[in-house]
Amino acid sequence: MGRLTSTINAVQSRAQKSLVAYIVAGDPHPDQTVDLMHTLVAEGVDIIELGVPFTDPEAEGPVIQLAHERALVHQVTLLKVLEMVTAFRLEDATTPVVLMGYLNPIEAMGYEAFAEQASLSGVDGLITVNLPPEEAGPLAIALQTKGIDPIYLLAPTTTDARAAAVCRASRGFVYYVSLKGTTGSGGLDIKAVCERVAHLKAQTSLPLFVGFGIKDGATAAPIAKVADGVVVGSAIVTLMGEFQASPQALKSAVIELVRDIRTALNASNP
Amino acid sequence: MVSKQLGTNEALTSFPDQSGHFGPYGGRFVSETLMAALDELTLSYDGLKTDPEFLAELGSDLEHYVGRASPLYLAQRLTDHAGGAKIWLKREDLNHTGAHKINNCIGQALLARHMGKPRIIAETGAGQHGVASATVAARFGLKCTVYMGSEDIQRQSLNVYRMKLLGAEVVPVTSGSRTLKDALNEAMRDWVTNVDDTHYIIGTVAGPHPYPMIVRDLQSVIGREARAQFARQHGGLPDAVMACVGGGSNAMGIFYPFLEDESVRLIGVEAAGDGIMTGRHAAPLTDGIVGVLHGNRTYLMQDQAGLISETHSVSAGLDYPGVGPEHAWLKDIERAEYVAVTDEEALGAFRQLNLLEGILPALESSHALAHAVEFAATLRKDQNIIVNLSGRGDKDIPTMAKIDGISIG
Ligand SMILES: Cc1ncc(COP(=O)(O)O)c(C=O)c1O
């Protein structure tokens with residue numbers, strides 16, 4: 001069993017819900033990323049989702065687009081991201097790290113080389129935003145050879161037939177994109193999301209996590225009632241932009257936000 | 001036939017395969033939210049492409065609204081100047097809105113109507129596809145939003161105003177390099193958000209399946225006409241067919257009906273910008289690496305880490321780091337050849353066509369013209385080249401005037 005599955009199981013056995021925090025590697029500055037990862041874990045984040053900067057992040061809203069641009073100013077390539085994971089692992093051997101990014105940097109490195117290096121760095125899972133399972137065969141094989149979980153997305157537009165195939169291809173967990181839109185979009189219809197999540201959960205034994213549009217404790221708690229975990233991204237990344245000039249202020253703001261969400265999650269699942 | 005070189009019995013014209021691949025290229029690399037919309041589009045198009053009523057509607061608009069067939073014109077003075085093969089121009093510049101882009105837009109607007117989508121969106125670089133999209137939106141009573149890089153908005157202000165006159169909303173894109181590729185990203189983001197009521201009209205033979213196929217099919221009216229016109233006006237087949245390649249739609253449109261004509265050389269002309277050696281260019285087939293961007297696998301301008309490079313061309317319509325996947329495949333199987341022409345050479349051809357033929361070509365098309373003149377000189381006088389004159393150059397007059405240091409306020 002991989003680190004991802006054992007962590008999710010452990011959270012479940014405590015009758016809690018997993019909290020996944022997304023940040024872009026190298027944002028606002030490469031020197032801060034590993035420290036921010038440790039901070040997130042210290043405040044109760046169960047899984048780190050680390051965005052791999054890309055020049056053309058076509059599924060991201062403005063907040064995360066800017067994060068990619070801030071990181072790219074410092075030439076944070078996929079190789080650098082893997083070095084950050086290696087550095088993180090020096091002090092944390094238990095928290096799962098999932099990379100989230102776009103296919104091209106992985107193609108450029110080569111699937112086998114990527115799987116090899118990612119596994120050596122201590123990466124546990126991979127979400128490739130623009131890679132549906134239909135096109136993912138060769139990469140999935142390379143990943144699984146090295147014990148890295150390929151995680152695929154479900155969307156509000158996904159048909160039941162596709163959902164079954166997506167769940168079959170996924171390892172670790174399945175990620176439900178809760179709204180039609182880019183990351184950071186507002187106006188989450190919580191009732192509709194909960195209905196859809198309940199429907200999807202009936203079709204898979206994999207843990208189902210929900211992301212896009214969860215920005216605080218108030219949005220996280222009701223969704224965590226039906227899902228196995230929630231992903232918070234743009235809300236954290238907004239702080240990176242806001243406090244880019246002051247690492248200390250940034251850390252405090254991140255702590256405050258994550259505490260709010262962790263507390264709400266725990267309170268709604270006593 | 002040509003297909004034998006492939007070691008298969010499949011005709012070259014039978015691609016893409018069911019899942020949208022041209023050999024290793026193409027496919028569908030998009031976020032999950034769009035998969036259903038792409039399935040819906042594939043299904044609708046499969047039904048409509050042989051539907052007599054749809055084809056009659058399309059044919060009627062191409063004739064009465066776009067003004068097809070566009071002429072095939074023997075450019076005698078240009079031919080004399082080049083001193084070799086005869087140069088024939090396929091006059092897409094004479095279409096309504098001034099370029100080949102409208103062929104695709106008419107077809108896709110009809111598709112949008114059949115799918116019950118009241119809103120269309122488009123990306124644009126030079127503004128030609130934006131203008132064509134805004135035009136068909138007006139023609140069919142659809143709402144239209146056009147995404148355009150803020151850099152390009154500066155370069156192509158005439159077309160921006162024209163789109164607004166046509167009732168379209170033009171949204172400046174300020175992310176990334178602020179050019180065509182970023183406009184495409186932003187259009188994808190809009191589509192993900194408004195997929196229920198919106199059809200995305202991609203302006204070239206790129207994007208996820210089924211776009212490269214749909215746009216090629218709609219543009220192949222250029223090649224079908226040219227092939228028949230040449231047979232009638234001259235007899236037989238031309239020796240070469242040539243077109244500029246940005247995303248590759250005007251080139252695919254004229255190449256496709258000649259794919260199985262083994263004797264016809266197909267030559268695509270990319271933008272070499274300041275020169276291939278300088279790295280400041282937009283020629284992924286000439287000097288690119290295979291990768292995945294904007295929904296398909298193809299040749300791309302990128303660095304070693306897989307980040308997409310900024311491109312350069314004097315013509316905004318060729319200033320794109322990718323190229324349609326069918327071109328990538330035609331290059332690999334050596335059915336088509338690709339060369340690149342610098343800004344300077346294209347500017348020379350632009351001036352030359354004005355002076356020798358009284359025709360104002362688009363800067364994009366001027367790339368194909370520049371190579372045609374050079375290539376014609378290497379052929380015999382009884383040989384023939386057809387050049388796709390993909391658009392007219394009115395939109396480029398401000399750029400040219402600036403280069404010439406003339407103020408035309
Ligand atoms: C006149 C003209 N030719 C060519 C192009 C390049 O596009 P494509 O390669 O898809 O034909 C453009 C794009 O804007 C154009 O306006």
# chains A, B, ... in the order shown; residues from 1 in each chain; ligands from 1
$ residues_near_ligand --ligand "ligand 1" --cutoff "6 Å" --atoms "only C-alpha atoms and all ligand atoms" --output "MDAnalysis selection string"
chainID B and resid 99 125:126 128:129 204 245:251 317:318 362 364:365 390:391
$ select_by_dssp --residues "stretch 165-374 of chain B" --states "alpha helix (DSSP H)" --output "VMD selection string"
chain B and resid 165 180 to 193 211 to 219 221 to 233 249 to 255 284 to 287 325 to 332 343 to 357 363 to 374
$ interface_residues --of "chain A" --to "chain B" --cutoff "7 Å" --atoms "only C-alpha atoms" --output "list in words"
Phe54, Thr55, Asp56, Glu58, Ala59, Thr77, Leu78, Leu103, Asn104, Pro105, Glu107, Ala108, Met109, Val129, Asn130, Leu131, Pro132, Leu153, Leu154, Ala155, Pro156, Thr157, Thr158, Lys180, Gly181 and Thr182 of chain A
$ residues_around --residues "stretch 218-226 of chain A" --least-positions-apart "4" --cutoff "8 Å" --atoms "only C-alpha atoms" --output "ChimeraX atom specification"
/A:17,190,193-194,197-198,210,214,230,261,264-265,268-269
$ residues_around --residues "stretch 235-243 of chain B" --least-positions-apart "3" --cutoff "10 Å" --atoms "only C-alpha atoms" --output "PyMOL selection string"
chain B and resi 85-90+223+226-232+246+248-255+258+261-270+336-338+364-369+371-372+375-376+379+382-390
